[in-house]
file run_13.txt (compact mmCIF, C-alpha atoms)
# COMPACT_ATOMS: atom_id res chain seq x y z
CA MET A 250 0.00 0.00 0.00
CA LYS A 251 2.83 2.40 0.85
CA LEU A 252 4.46 1.79 -2.53
CA LYS A 253 1.16 2.32 -4.33
CA MET A 254 0.56 5.66 -2.64
CA THR A 255 4.16 6.75 -3.28
CA LEU A 256 3.80 6.00 -6.97
CA ILE A 257 0.55 7.89 -7.22
CA ALA A 258 1.87 10.90 -5.33
CA ALA A 259 4.92 11.11 -7.56
CA ALA A 260 2.95 10.75 -10.76
CA LEU A 261 0.17 13.27 -10.38
CA VAL A 262 -0.04 16.99 -10.98
CA THR A 263 -3.38 18.34 -9.80
CA ALA A 264 -3.29 22.02 -10.71
CA GLY A 265 -6.59 23.23 -12.10
CA PHE A 266 -8.54 20.04 -11.36
CA SER A 267 -12.04 20.33 -9.95
CA HIS A 268 -12.44 17.66 -7.26
CA ALA A 269 -16.18 17.27 -6.97
CA GLN A 270 -19.21 17.15 -9.18
CA SER A 271 -21.81 19.82 -8.73
CA PRO A 272 -24.57 18.42 -6.50
CA ASP A 273 -27.20 19.31 -9.11
CA VAL A 274 -25.63 17.06 -11.78
CA ALA A 275 -27.91 14.05 -12.09
CA ARG A 276 -26.30 12.20 -14.98
CA PRO A 277 -23.19 10.06 -14.53
CA LEU A 278 -19.78 11.61 -15.04
CA THR A 279 -18.80 10.62 -18.59
CA VAL A 280 -15.13 9.66 -18.91
CA VAL A 281 -13.64 9.07 -22.37
CA THR A 282 -10.26 7.36 -22.58
CA PHE A 283 -8.66 8.59 -25.80
CA GLY A 284 -5.47 7.01 -27.08
CA ASP A 285 -3.67 4.43 -29.16
CA SER A 286 -3.10 0.70 -28.60
CA THR A 287 -1.98 1.32 -25.01
CA THR A 288 -5.56 2.42 -24.36
CA ALA A 289 -7.46 0.24 -26.83
CA VAL A 290 -8.99 -3.13 -26.05
CA ARG A 291 -6.41 -5.82 -26.81
CA GLY A 292 -6.58 -9.56 -26.35
CA GLY A 293 -4.59 -11.00 -23.47
CA ALA A 294 -4.69 -7.91 -21.23
CA VAL A 295 -7.33 -6.19 -19.14
CA ASN A 296 -6.84 -2.54 -20.07
CA TYR A 297 -6.95 0.30 -17.57
CA THR A 298 -10.40 1.47 -18.72
CA SER A 299 -11.90 -1.96 -18.08
CA GLN A 300 -10.14 -2.19 -14.72
CA LEU A 301 -11.60 1.16 -13.71
CA GLU A 302 -15.06 0.10 -14.84
CA ALA A 303 -14.81 -2.91 -12.56
CA ARG A 304 -13.60 -0.83 -9.62
CA PHE A 305 -16.49 1.62 -10.02
CA ALA A 306 -19.11 -1.00 -10.88
CA ASN A 307 -21.10 -0.14 -7.76
CA ARG A 308 -21.12 3.54 -8.79
CA ALA A 309 -22.53 3.14 -12.32
CA ASP A 310 -25.06 5.82 -11.43
CA ALA A 311 -22.20 8.26 -10.85
CA ILE A 312 -19.60 7.45 -13.51
CA ARG A 313 -19.43 5.74 -16.90
CA PHE A 314 -16.50 4.98 -19.16
CA ILE A 315 -16.14 5.08 -22.97
CA ASN A 316 -12.96 3.61 -24.44
CA LYS A 317 -11.86 5.38 -27.63
CA GLY A 318 -8.41 3.87 -27.99
CA ILE A 319 -7.41 2.73 -31.49
CA GLY A 320 -4.25 0.75 -32.15
CA GLY A 321 -1.61 2.36 -34.34
CA ASN A 322 -2.94 5.87 -33.88
CA THR A 323 -0.77 8.94 -33.84
CA THR A 324 -2.13 12.28 -32.64
CA GLU A 325 -2.56 13.24 -36.30
CA MET A 326 -4.84 10.25 -36.89
CA ALA A 327 -6.62 10.90 -33.61
CA ARG A 328 -7.22 14.52 -34.55
CA ARG A 329 -9.20 13.36 -37.60
CA ARG A 330 -11.55 11.32 -35.41
CA PHE A 331 -11.55 13.68 -32.46
CA GLU A 332 -14.90 15.34 -33.09
CA LYS A 333 -16.75 12.05 -33.59
CA ASP A 334 -15.01 10.01 -30.88
CA VAL A 335 -14.58 12.64 -28.18
CA LEU A 336 -16.51 15.88 -28.67
CA ALA A 337 -19.68 14.12 -29.80
CA GLU A 338 -19.68 12.11 -26.59
CA LYS A 339 -19.95 15.36 -24.56
CA ALA A 340 -17.44 13.95 -22.12
CA ASP A 341 -17.03 15.55 -18.72
CA LEU A 342 -13.49 14.22 -18.51
CA VAL A 343 -11.10 12.97 -21.20
CA VAL A 344 -8.02 10.90 -20.42
CA ILE A 345 -5.48 11.39 -23.24
CA GLN A 346 -2.47 9.17 -23.89
CA PHE A 347 -0.50 9.17 -27.14
CA GLY A 348 3.17 9.21 -28.07
CA ILE A 349 4.56 5.79 -28.91
CA ASN A 350 3.35 5.87 -32.51
CA ASP A 351 4.02 9.60 -32.90
CA SER A 352 7.65 9.25 -31.86
CA ALA A 353 8.38 6.10 -33.89
CA VAL A 354 11.03 6.30 -36.59
CA ASP A 355 10.21 3.66 -39.20
CA VAL A 356 13.73 2.47 -39.85
CA TRP A 357 12.31 -0.75 -41.34
CA LYS A 358 11.01 1.04 -44.42
CA THR A 359 12.80 1.13 -47.78
CA PRO A 360 14.44 3.58 -47.75
CA PRO A 361 14.54 3.86 -43.93
CA ALA A 362 12.72 6.78 -42.35
CA THR A 363 14.95 9.24 -40.54
CA GLU A 364 12.31 11.26 -38.69
CA SER A 365 9.50 10.43 -36.30
CA ARG A 366 6.07 9.76 -37.79
CA VAL A 367 4.79 12.94 -36.16
CA SER A 368 7.29 15.67 -35.33
CA LEU A 369 7.65 16.73 -31.72
CA ASP A 370 6.32 20.19 -32.58
CA LYS A 371 3.24 18.79 -34.31
CA TYR A 372 2.65 16.33 -31.47
CA GLN A 373 2.61 19.19 -28.99
CA GLU A 374 0.33 21.25 -31.22
CA ASN A 375 -2.15 18.37 -31.42
CA LEU A 376 -2.20 17.84 -27.66
CA ARG A 377 -2.80 21.54 -27.07
CA TYR A 378 -5.61 21.44 -29.62
CA PHE A 379 -7.30 18.53 -27.83
CA ILE A 380 -7.10 20.35 -24.50
CA GLU A 381 -8.43 23.61 -25.92
CA GLU A 382 -11.39 22.01 -27.70
CA ILE A 383 -12.36 19.85 -24.72
CA ARG A 384 -12.31 22.90 -22.47
CA LYS A 385 -14.47 24.85 -24.92
CA GLY A 386 -17.12 22.17 -24.45
CA GLY A 387 -16.88 22.41 -20.68
CA GLY A 388 -14.89 19.22 -20.22
CA GLU A 389 -11.72 18.54 -18.27
CA VAL A 390 -8.56 16.67 -19.23
CA ILE A 391 -6.16 14.22 -17.66
CA LEU A 392 -3.04 14.16 -19.80
CA MET A 393 -0.87 11.05 -19.54
CA THR A 394 2.67 10.49 -20.74
CA PRO A 395 3.19 7.35 -22.82
CA ASN A 396 4.48 4.26 -21.07
CA GLN A 397 8.11 3.33 -21.60
CA ILE A 398 9.10 0.77 -24.21
CA ARG A 399 11.84 -1.85 -24.21
CA TRP A 400 13.36 -4.34 -26.60
CA GLY A 401 10.86 -7.16 -26.39
CA SER A 402 9.52 -9.39 -29.12
CA LYS A 403 11.59 -10.72 -32.01
CA HIS A 404 9.30 -8.79 -34.35
CA ILE A 405 10.19 -5.46 -32.72
CA LEU A 406 13.90 -6.24 -32.77
CA GLU A 407 13.81 -7.17 -36.45
CA LYS A 408 12.02 -3.94 -37.36
CA TYR A 409 13.69 -1.36 -35.14
CA ALA A 410 17.15 -2.59 -34.06
CA LYS A 411 19.10 0.00 -36.03
CA PRO A 412 19.99 3.72 -35.63
CA PRO A 413 18.74 6.00 -34.22
CA TYR A 414 17.73 3.19 -31.85
CA ASP A 415 20.38 1.23 -29.95
CA PRO A 416 19.70 -2.51 -29.59
CA ASN A 417 22.71 -2.87 -27.28
CA ASP A 418 21.18 -0.56 -24.69
CA GLU A 419 18.24 -1.90 -22.66
CA LYS A 420 16.64 1.56 -22.92
CA GLY A 421 17.79 2.08 -26.49
CA PHE A 422 14.27 1.76 -27.89
CA THR A 423 12.88 4.54 -25.71
CA LEU A 424 15.44 7.27 -26.43
CA ILE A 425 13.21 9.28 -28.77
CA LEU A 426 10.02 8.55 -26.86
CA ALA A 427 11.55 10.13 -23.76
CA ASN A 428 11.45 13.53 -25.50
CA TYR A 429 7.74 13.12 -26.21
CA ALA A 430 7.06 12.20 -22.60
CA GLU A 431 8.89 15.32 -21.47
CA ALA A 432 6.78 17.40 -23.87
CA VAL A 433 3.62 16.05 -22.22
CA ARG A 434 4.91 17.14 -18.80
CA LYS A 435 5.62 20.65 -20.06
CA ILE A 436 2.23 21.00 -21.76
CA ALA A 437 0.41 19.77 -18.65
CA ALA A 438 2.24 22.34 -16.52
CA ALA A 439 1.73 25.19 -18.97
CA GLN A 440 -1.94 24.38 -19.57
CA LYS A 441 -2.59 23.65 -15.90
CA VAL A 442 -4.19 20.29 -16.53
CA VAL A 443 -3.94 17.18 -14.42
CA SER A 444 -1.23 14.78 -15.56
CA VAL A 445 -0.32 11.19 -14.81
CA ASP A 446 3.33 10.53 -15.56
CA VAL A 447 3.12 6.91 -16.66
CA TYR A 448 6.65 7.08 -18.06
CA ALA A 449 7.95 7.96 -14.59
CA LEU A 450 5.80 5.28 -12.97
CA TYR A 451 7.69 2.66 -14.99
CA ASP A 452 11.00 3.99 -13.67
CA GLN A 453 9.66 3.92 -10.12
CA TRP A 454 8.36 0.39 -10.59
CA GLU A 455 11.81 -0.75 -11.75
CA GLN A 456 13.49 0.85 -8.75
CA ALA A 457 10.99 -0.64 -6.32
CA ASN A 458 11.11 -4.14 -7.81
CA GLY A 459 14.75 -4.35 -8.88
CA THR A 460 13.87 -5.68 -12.32
CA SER A 461 13.10 -4.46 -15.83
CA CYS A 462 9.76 -2.85 -16.55
CA LYS A 463 9.49 -5.30 -19.46
CA LYS A 464 7.51 -7.34 -16.93
CA LEU A 465 4.77 -4.71 -17.25
CA MET A 466 4.48 -5.31 -21.00
CA SER A 467 3.48 -8.19 -23.22
CA ASP A 468 5.99 -7.47 -25.98
CA GLY A 469 8.18 -4.60 -24.81
CA MET A 470 5.61 -2.05 -25.94
CA HIS A 471 2.02 -2.87 -24.98
CA PRO A 472 1.13 -3.01 -21.28
CA ASN A 473 -0.05 -6.34 -19.92
CA THR A 474 -2.71 -6.47 -17.22
CA GLU A 475 -0.18 -5.51 -14.54
CA GLY A 476 1.02 -2.56 -16.61
CA HIS A 477 -2.55 -1.37 -17.03
CA LYS A 478 -3.11 -1.81 -13.29
CA LEU A 479 -0.33 0.70 -12.62
CA VAL A 480 -2.25 3.26 -14.68
CA ALA A 481 -5.61 2.37 -13.12
CA ASP A 482 -4.10 2.74 -9.65
CA ALA A 483 -3.01 6.30 -10.52
CA LEU A 484 -6.32 7.30 -12.10
CA GLU A 485 -8.67 5.79 -9.53
CA PRO A 486 -8.22 8.40 -6.76
CA LEU A 487 -8.65 11.24 -9.25
CA LEU A 488 -11.93 9.79 -10.49
CA GLN A 489 -13.07 9.01 -6.98
CA ALA A 490 -12.53 12.64 -6.06
CA LYS A 491 -14.60 13.73 -9.04
CA ILE A 492 -17.69 11.78 -7.97
CA SER A 493 -17.37 12.39 -4.25
CA LYS A 494 -20.10 14.50 -2.71
call {"tool": "encode", "arguments": {"input": "run_13.txt", "output": "structure tokens"}}
result
Amino acid sequence: MKLKMTLIAAALVTAGFSHAQSPDVARPLTVVTFGDSTTAVRGGAVNYTSQLEARFANRADAIRFINKGIGGNTTEMARRRFEKDVLAEKADLVVIQFGINDSAVDVWKTPPATESRVSLDKYQENLRYFIEEIRKGGGEVILMTPNQIRWGSKHILEKYAKPPYDPNDEKGFTLILANYAEAVRKIAAAQKVVSVDVYALYDQWEQANGTSCKKLMSDGMHPNTEGHKLVADALEPLLQAKISK
């Protein structure tokens, strides 16, 4: 329990977050989880949205969840579906997590790519756009950094084990992604939105357990059930505060 609370305390920034629903709000708090494959439903893992649904099952009158994660999405792709998948849902709260696909350099292509799929500047622009539009509709945001990635499956090694990545370094697959995670932190601070630093949670988990965070992933990239639990543990108290009277 002590470790869990330490992780949560280190991962959260609560500036600008309203902690309670207005007492005259009768409908459930609508929470949309908006992201890529680390949010989407995937076989073999219970994702953080589903874990939260189970934890709040006895409060279905107060909170409901809508999972809008789509595998392979960058923020550019997500921006094209943003109105339909997020704004149209009239969400009270949107949890946003992107970055792994945005930061990826497709060195496996012929000829090899030399730049990330979505530039760091464009990634930041897209995140700011999401925040601005959600706020215009009266909603709030929880912005999450992407989880870390590691050399995992043979498939990933075959595709990405070449510069600018370093297959000889355990963290050599996350070098570029780290810059995108840092950008999320800066945007959250500047925009005064709540953030959950999932990237940092993976570091803390490694330090606490004395082993690689690969154990939180099914293939070095996608969280397994335990990896999703780490995220659910960080989000749960924030959501609980929102529905508390």
call {"tool": "residues_around", "arguments": {"input": "run_13.txt", "residues": "Ala327 in chain A", "least_positions_apart": "2", "cutoff": "10 Å", "atoms": "all atoms listed in the file", "output": "list in words"}}
result
Phe283, Gly284, Asp285, Lys317, Gly318, Ile319, Gly321, Asn322, Thr323, Thr324, Glu325, Arg329, Arg330, Phe331, Glu332, Asp334, Val335, Phe347, Asn375 and Phe379 of chain A
call {"tool": "write_last_selection", "arguments": {"input": "run_13.txt", "atoms": "C-alpha atoms", "output": "CSV table (one decimal), in the frame of the given file"}}
result
chain,number,residue,atom,x,y,z
A,283,PHE,CA,-8.7,8.6,-25.8
A,284,GLY,CA,-5.5,7.0,-27.1
A,285,ASP,CA,-3.7,4.4,-29.2
A,317,LYS,CA,-11.9,5.4,-27.6
A,318,GLY,CA,-8.4,3.9,-28.0
A,319,ILE,CA,-7.4,2.7,-31.5
A,321,GLY,CA,-1.6,2.4,-34.3
A,322,ASN,CA,-2.9,5.9,-33.9
A,323,THR,CA,-0.8,8.9,-33.8
A,324,THR,CA,-2.1,12.3,-32.6
A,325,GLU,CA,-2.6,13.2,-36.3
A,329,ARG,CA,-9.2,13.4,-37.6
A,330,ARG,CA,-11.6,11.3,-35.4
A,331,PHE,CA,-11.6,13.7,-32.5
A,332,GLU,CA,-14.9,15.3,-33.1
A,334,ASP,CA,-15.0,10.0,-30.9
A,335,VAL,CA,-14.6,12.6,-28.2
A,347,PHE,CA,-0.5,9.2,-27.1
A,375,ASN,CA,-2.2,18.4,-31.4
A,379,PHE,CA,-7.3,18.5,-27.8
call {"tool": "atom_distance", "arguments": {"input": "run_13.txt", "atom1": "CA of Ala481 in chain A", "atom2": "CA of Arg304 in chain A"}}
result
9.3 Å
call {"tool": "residues_near_point", "arguments": {"input": "run_13.txt", "point": "(-1.8, 22.0, -28.5)", "cutoff": "12 Å", "atoms": "all atoms listed in the file", "output": "number ranges by chain"}}
result
A: 324-325, 328, 369-383, 392, 432-433, 435-437, 439-440
call {"tool": "atom_distance", "arguments": {"input": "run_13.txt", "atom1": "CA of Pro472 in chain A", "atom2": "CA of Lys339 in chain A"}}
result
28.2 Å
call {"tool": "atom_distance", "arguments": {"input": "run_13.txt", "atom1": "CA of Ser365 in chain A", "atom2": "CA of Lys464 in chain A"}}
result
26.4 Å
call {"tool": "closest_residue", "arguments": {"input": "run_13.txt", "among": "A:Ala427, A:Leu450, A:Met466, A:Val354", "to": "Lys411 in chain A", "atoms": "all atoms listed in the file"}}
result
A:Val354
call {"tool": "residues_near_point", "arguments": {"input": "run_13.txt", "point": "(6.4, 3.4, -24.8)", "cutoff": "6 Å", "atoms": "only C-alpha atoms", "output": "JSON list (two decimals) with C-alpha atoms, keeping the file's coordinate frame"}}
result
[["chain", "number", "residue", "atom", "x", "y", "z"],
["A", 349, "ILE", "CA", 4.56, 5.79, -28.91],
["A", 395, "PRO", "CA", 3.19, 7.35, -22.82],
["A", 396, "ASN", "CA", 4.48, 4.26, -21.07],
["A", 397, "GLN", "CA", 8.11, 3.33, -21.60],
["A", 398, "ILE", "CA", 9.10, 0.77, -24.21],
["A", 470, "MET", "CA", 5.61, -2.05, -25.94]]
call {"tool": "closest_residue", "arguments": {"input": "run_13.txt", "among": "A:Ala457, A:Val367, A:Cys462, A:Ala340", "to": "Leu426 in chain A", "atoms": "all atoms listed in the file"}}
result
A:Val367
call {"tool": "closest_residue", "arguments": {"input": "run_13.txt", "among": "A:Asp482, A:Ser286, A:Gly469, A:Ser352", "to": "Leu424 in chain A", "atoms": "only C-alpha atoms"}}
result
A:Ser352
call {"tool": "closest_residue", "arguments": {"input": "run_13.txt", "among": "A:Pro360, A:Gly320, A:Gly348, A:Gly293", "to": "Ala430 in chain A", "atoms": "all atoms listed in the file"}}
result
A:Gly348
call {"tool": "residues_around", "arguments": {"input": "run_13.txt", "residues": "Ser467 in chain A", "least_positions_apart": "4", "cutoff": "12 Å", "atoms": "all atoms listed in the file", "output": "CSV table (one decimal) with C-alpha atoms, keeping the file's coordinate frame"}}
result
chain,number,residue,atom,x,y,z
A,287,THR,CA,-2.0,1.3,-25.0
A,291,ARG,CA,-6.4,-5.8,-26.8
A,292,GLY,CA,-6.6,-9.6,-26.4
A,293,GLY,CA,-4.6,-11.0,-23.5
A,294,ALA,CA,-4.7,-7.9,-21.2
A,295,VAL,CA,-7.3,-6.2,-19.1
A,398,ILE,CA,9.1,0.8,-24.2
A,399,ARG,CA,11.8,-1.8,-24.2
A,400,TRP,CA,13.4,-4.3,-26.6
A,401,GLY,CA,10.9,-7.2,-26.4
A,402,SER,CA,9.5,-9.4,-29.1
A,405,ILE,CA,10.2,-5.5,-32.7
A,462,CYS,CA,9.8,-2.8,-16.6
A,463,LYS,CA,9.5,-5.3,-19.5
A,471,HIS,CA,2.0,-2.9,-25.0
A,472,PRO,CA,1.1,-3.0,-21.3
A,473,ASN,CA,0.0,-6.3,-19.9
A,474,THR,CA,-2.7,-6.5,-17.2
A,475,GLU,CA,-0.2,-5.5,-14.5
A,476,GLY,CA,1.0,-2.6,-16.6
A,477,HIS,CA,-2.6,-1.4,-17.0
call {"tool": "closest_residue", "arguments": {"input": "run_13.txt", "among": "A:Tyr409, A:Ala309, A:Val445, A:Val281", "to": "Ala337 in chain A", "atoms": "all atoms listed in the file"}}
result
A:Val281
